[in-house]
Structures are given as C-alpha cells and as structure tokens.
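First the structure, in the form of structure tokens, and then the observations on it.
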Amino acid sequence: MSNFNTILLECDNISKQYGFFFALNKISFQLDESSILGVIGANGAGKTTLIRILSGLTSPTSGKIIIKGKNYKANDKSIKQIIGTITNKSFLYEELTIYENLKFFCKLYSIYDKSTFKDKIEHYAEKFNLSNWIFEPISNLSTGMKQKVEIIRILIQNPSILLLDEPFSRLDFNTIKILIKILTELREKKNLTIVIATHKIEVVQEISDTILILKRGKISKFAPKNEIDKSMIESYF
C-alpha cells in the first residue's frame with residue numbers, strides 16, 4: 001500500500017432518479033488509491049445502483065464522477081478499461097468450459113500471451129479449488145462455482161479498480177476467506193482499489209479501510225473503519 005494518499009475516485013453529488021424516486025440522492029465521497037471501501041445498507045438502500053454507476057452500466061441523473069483526475073462522462077471509454085465489475089448478471093457462456101470462458105475473456109481484453117494466460121487461469125483455478133473442473137461446461141457447475149469463475153474472470157483482467165456487488169453471497173465460508181486473502185494481497189502488491197457492496201457486515205469490518213453506509217439512497221455514515229463502533233453499524237441503516 002502507498003505511503004501517501006492519492007485520491008483515485010471522487011463522487012460529487014451523484015443522484016439517480018426514477019420518476020419521483022431517488023435510488024441515490026446527492027452522494028459525495030472520495031476514495032484513495034489502493035484502498036478498500038465497504039458499502040453496506042439495507043435492501044433498497046442504493047448499494048447496487050452505486051456500483052452500476054461507478055462501473056458505467058448506469059448513468060447518474062445528476063452529479064459527476066472523477067477517476068484519476070478525469071471526468072468519467074467525458075472519458076468513459078478509457079476509464080472503463082481500468083475497471084473490473086461483478087454484478088448479479090453473469091457474463092459467462094454456459095455451453096463453454098471454465099477454461100474456454102476465461103481464455104475468451106483474456107483474448108477479448110488482449111490480456112497476456114498464450115502461455116501466460118494459461119498459467120494465470122490455472123493459478124486462479126487452483127486458488128479457488130476449481131482445477132478438477134476447469135474443462136467442465138459452465139452449465140454443469142453449481143451456483144457457487146459459477147461465482148468463483150466470475151471472480152476469476154475479473155481478476156485476470158488486472159483492473160486498477162475493482163467493483164464488486166455482493167461477491168460473497170453465493171460463496172461458502174472457506175471461499176470467502178480465500179477471496180478476502182486474494183483481494184488484500186492484490187491491494188498491497190498492485191495498488192488495486194476495491195469497492196465492495198455487501199450485506200455481510202462482518203466481512204466489511206474485516207477487509208475494508210473505509211465504510212460507507214447507505215440509507216434510502218443517502219449516505220448515513222462514511223468514515224474509516226476504526227472510527228465506526230462495530231456495535232453501532234446497524235443503527236445507521
């Protein structure tokens with residue numbers, strides 16, 4: 001992790017409105033490079049909407065986002081190239097094997113040469129205990145196994161910013177521990193900046209540097225983890 005703070009991402013009065021309903025209402029915060037932000041809140045608080053806006057899958061109704069000093073709206077193509085996103089929508093091809101899917105995404109993003117992406121795929125398959133399944137079609141996998149492949153798909157892209165919407169929801173306890181370890185290592189070694197939206201408060205408390213709590217589309221609390229009383233977190237929902 002860097003010895004000095006560099007602001008990587010800034011949200012300035014971001015709102016998302018559907019008719020008279022505000023999914024997000026004037027959200028403003030800054031995120032340092034090589035940090036992990038945990039976003040929590042009750043159902044409907046705006047967590048998924050925030051991830052979708054930061055990923056470029058949805059445009060805000062108003063406000064602006066600055067990433068690496070650039071206006072997101074004016075530089076969306078170049079900014080999206082440094083972002084990896086996991087949402088509740090799968091990008092995997094059910095008829096292809098794990099290996100074929102990951103090979104396709106490596107080629108799509110022009111990542112690695114042939115020998116390198118093979119090693120990278122095998123490396124993460126072993127990390128997530130999928131080595132014996134690597135030549136199985138996605139359609140034969142359990143829901144949790146598919147989630148593992150989605151995570152590997154994003155990690156092999158080597159993004160600078162990782163946006164995760166409920167990444168732990170389909171994973172067992174051991175896999176959650178593995179993922180936490182991998183994300184922490186990538187943050188330390190590659191200055192990866194991570195935003196995680198999740199219901200799992202205990203995971204946020206373990207992995208995050210900063211916690212953002214949303215309530216009905218507004219920021220209820222935004223502070224470094226060590227400044228938030230663990231026993232009081234749910235009171236901000």
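By order of appearance in the structure tokens: chains A, B, ..., then residues from 1 within every chain, and ligands from 1 in the order shown.
Secondary structure by DSSP on the backbone puts the following residues of stretch 171-217 of chain A in strand (DSSP E): A:Thr193, A:Ile194, A:Val195, A:Ile196, A:Ala197, A:Thr210, A:Ile211, A:Leu212, A:Ile213, A:Leu214, A:Lys215.
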Could those selected residues go to a file with N, CA, C and O atoms, as a compact mmCIF listing (two decimals), in the first residue's frame?
```txt
# COMPACT_ATOMS: atom_id res chain seq x y z
N THR A 193 -7.55 -0.79 -6.14
CA THR A 193 -8.58 -0.09 -5.36
C THR A 193 -9.88 -0.86 -5.50
O THR A 193 -10.28 -1.22 -6.61
N ILE A 194 -10.54 -1.13 -4.38
CA ILE A 194 -11.69 -2.04 -4.38
C ILE A 194 -12.90 -1.39 -3.71
O ILE A 194 -12.77 -0.79 -2.64
N VAL A 195 -14.05 -1.54 -4.35
CA VAL A 195 -15.33 -1.14 -3.75
C VAL A 195 -16.20 -2.38 -3.66
O VAL A 195 -16.47 -3.04 -4.67
N ILE A 196 -16.62 -2.72 -2.44
CA ILE A 196 -17.42 -3.92 -2.21
C ILE A 196 -18.76 -3.54 -1.62
O ILE A 196 -18.83 -2.96 -0.53
N ALA A 197 -19.85 -3.86 -2.33
CA ALA A 197 -21.19 -3.67 -1.79
C ALA A 197 -21.69 -5.03 -1.31
O ALA A 197 -21.72 -6.00 -2.08
N THR A 210 -12.32 1.77 4.77
CA THR A 210 -13.36 2.77 4.98
C THR A 210 -14.72 2.13 4.75
O THR A 210 -14.86 1.24 3.90
N ILE A 211 -15.70 2.59 5.51
CA ILE A 211 -17.05 2.05 5.37
C ILE A 211 -18.01 3.17 4.98
O ILE A 211 -17.99 4.26 5.56
N LEU A 212 -18.84 2.89 3.98
CA LEU A 212 -19.88 3.81 3.55
C LEU A 212 -21.22 3.12 3.80
O LEU A 212 -21.48 2.04 3.25
N ILE A 213 -22.05 3.71 4.63
CA ILE A 213 -23.36 3.14 4.94
C ILE A 213 -24.44 3.98 4.26
O ILE A 213 -24.52 5.19 4.44
N LEU A 214 -25.23 3.30 3.42
CA LEU A 214 -26.32 3.96 2.71
C LEU A 214 -27.66 3.68 3.39
O LEU A 214 -27.90 2.57 3.88
N LYS A 215 -28.50 4.69 3.39
CA LYS A 215 -29.85 4.54 3.94
C LYS A 215 -30.81 5.32 3.05
O LYS A 215 -30.71 6.54 2.93
```
Please build the interface table for stretch 161-188 of chain A against stretch 38-47 of chain A with a cut-off of 12 Å, listing for each qualifying residue the nearest atom pair and the distance in Å to one decimal; count only C-alpha atoms, order rows by chain and increasing number, and write it as JSON lines.
```
{"residue": "A:Leu162", "atom": "CA", "partner": "A:Gly38", "partner_atom": "CA", "distance": 11.9}
{"residue": "A:Leu163", "atom": "CA", "partner": "A:Gly38", "partner_atom": "CA", "distance": 10.4}
{"residue": "A:Leu164", "atom": "CA", "partner": "A:Gly38", "partner_atom": "CA", "distance": 9.7}
{"residue": "A:Asp165", "atom": "CA", "partner": "A:Lys47", "partner_atom": "CA", "distance": 7.8}
{"residue": "A:Glu166", "atom": "CA", "partner": "A:Lys47", "partner_atom": "CA", "distance": 9.3}
{"residue": "A:Pro167", "atom": "CA", "partner": "A:Gly38", "partner_atom": "CA", "distance": 11.8}
```
(request) Enter the distance from atom CA of A:Glu206 to atom CA of A:Cys11, in Å, rounded to one decimal. (result) 24.4 Å
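Proximity of A:Leu186, A:Leu54, A:Ile228, A:Leu171 to A:Lys200, computed with only C-alpha atoms, is greatest for A:Leu171.
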Please report as a tab-separated table every residue of stretch 77-170 of chain A lying within 12 Å of stretch 13-35 of chain A, along with the nearest atom pair and their distance in Å (one decimal), using only C-alpha atoms.
```
residue	atom	partner	partner_atom	distance
A:Pro159	CA	A:Ser34	CA	11.9
A:Ser160	CA	A:Ser34	CA	8.8
A:Ile161	CA	A:Ser34	CA	8.8
A:Leu162	CA	A:Ser34	CA	10.5
```
(request) Would you kindly return, as a list of chain:residue names, each protein, DNA or RNA residue with an atom no farther than 9 Å from any atom of stretch 123-138 of chain A, considering only C-alpha atoms and excluding same-chain residues fewer than 6 positions away? (result)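 Surrounding residues, per the criterion: A:Leu92, A:Tyr93, A:Glu94, A:Glu95, A:Leu96, A:Thr97, A:Ile98, A:Tyr99, A:Glu100, A:Asn101, A:Met145, A:Lys146, A:Lys148, A:Val149, A:Ile152, A:Leu155, A:Ile156, A:Thr175, A:Ile178, A:Leu179, A:Ile182.
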(request) Considering only C-alpha atoms, return as number ranges by chain whatever protein or nucleic-acid residues lie within 10 Å of stretch 105-110 of chain A, sequence-local ones (same chain, fewer than 4 positions apart) excluded. (result) A: 81, 91-92, 100-101, 114, 117-118, 120-121, 153-154, 156-157
Okay, now the selection with N, CA and C atoms, as a PDB file, in the first residue's frame?
```
ATOM      1  N   GLN A  81     -11.780   0.816 -19.200  1.00  0.00           N
ATOM      2  CA  GLN A  81     -10.731  -0.165 -19.459  1.00  0.00           C
ATOM      3  C   GLN A  81      -9.945  -0.518 -18.201  1.00  0.00           C
ATOM      4  N   PHE A  91     -21.722 -13.018 -16.988  1.00  0.00           N
ATOM      5  CA  PHE A  91     -21.178 -12.780 -18.319  1.00  0.00           C
ATOM      6  C   PHE A  91     -20.568 -14.063 -18.904  1.00  0.00           C
ATOM      7  N   LEU A  92     -20.830 -15.192 -18.244  1.00  0.00           N
ATOM      8  CA  LEU A  92     -20.263 -16.452 -18.685  1.00  0.00           C
ATOM      9  C   LEU A  92     -21.145 -17.119 -19.737  1.00  0.00           C
ATOM     10  N   GLU A 100     -12.410 -22.366 -21.456  1.00  0.00           N
ATOM     11  CA  GLU A 100     -12.789 -21.676 -22.693  1.00  0.00           C
ATOM     12  C   GLU A 100     -13.341 -20.284 -22.404  1.00  0.00           C
ATOM     13  N   ASN A 101     -14.146 -20.157 -21.352  1.00  0.00           N
ATOM     14  CA  ASN A 101     -14.658 -18.848 -20.967  1.00  0.00           C
ATOM     15  C   ASN A 101     -13.540 -17.884 -20.617  1.00  0.00           C
ATOM     16  N   LYS A 114      -0.280 -16.439 -25.039  1.00  0.00           N
ATOM     17  CA  LYS A 114      -0.915 -17.749 -24.862  1.00  0.00           C
ATOM     18  C   LYS A 114      -0.428 -18.474 -23.617  1.00  0.00           C
ATOM     19  N   PHE A 117      -1.539 -16.505 -20.224  1.00  0.00           N
ATOM     20  CA  PHE A 117      -2.921 -16.595 -19.760  1.00  0.00           C
ATOM     21  C   PHE A 117      -3.272 -18.020 -19.334  1.00  0.00           C
ATOM     22  N   LYS A 118      -2.622 -19.014 -19.921  1.00  0.00           N
ATOM     23  CA  LYS A 118      -2.831 -20.397 -19.475  1.00  0.00           C
ATOM     24  C   LYS A 118      -2.354 -20.557 -18.034  1.00  0.00           C
ATOM     25  N   LYS A 120      -2.023 -18.162 -15.848  1.00  0.00           N
ATOM     26  CA  LYS A 120      -2.864 -17.335 -14.976  1.00  0.00           C
ATOM     27  C   LYS A 120      -4.190 -18.030 -14.673  1.00  0.00           C
ATOM     28  N   ILE A 121      -4.802 -18.629 -15.683  1.00  0.00           N
ATOM     29  CA  ILE A 121      -6.057 -19.359 -15.482  1.00  0.00           C
ATOM     30  C   ILE A 121      -5.853 -20.519 -14.520  1.00  0.00           C
ATOM     31  N   ARG A 153     -12.675 -14.357 -13.707  1.00  0.00           N
ATOM     32  CA  ARG A 153     -12.807 -13.588 -14.956  1.00  0.00           C
ATOM     33  C   ARG A 153     -12.384 -12.137 -14.754  1.00  0.00           C
ATOM     34  N   ILE A 154     -12.758 -11.561 -13.631  1.00  0.00           N
ATOM     35  CA  ILE A 154     -12.415 -10.170 -13.351  1.00  0.00           C
ATOM     36  C   ILE A 154     -10.953 -10.033 -12.939  1.00  0.00           C
ATOM     37  N   ILE A 156      -8.321 -11.800 -13.717  1.00  0.00           N
ATOM     38  CA  ILE A 156      -7.327 -11.959 -14.783  1.00  0.00           C
ATOM     39  C   ILE A 156      -7.264 -10.747 -15.706  1.00  0.00           C
ATOM     40  N   GLN A 157      -8.227  -9.822 -15.570  1.00  0.00           N
ATOM     41  CA  GLN A 157      -8.187  -8.592 -16.370  1.00  0.00           C
ATOM     42  C   GLN A 157      -7.177  -7.585 -15.822  1.00  0.00           C
TER      43      GLN A 157
END
```
(request) For A:Thr58, work out the shell of residues within 10 Å, counting only C-alpha atoms and skipping chain neighbours fewer than 6 positions away, then give it as number ranges by chain. (result) A: 16, 49-52
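Straight-line separation from atom CA of A:Ile79 to atom CA of A:Asp209: 23.4 Å.
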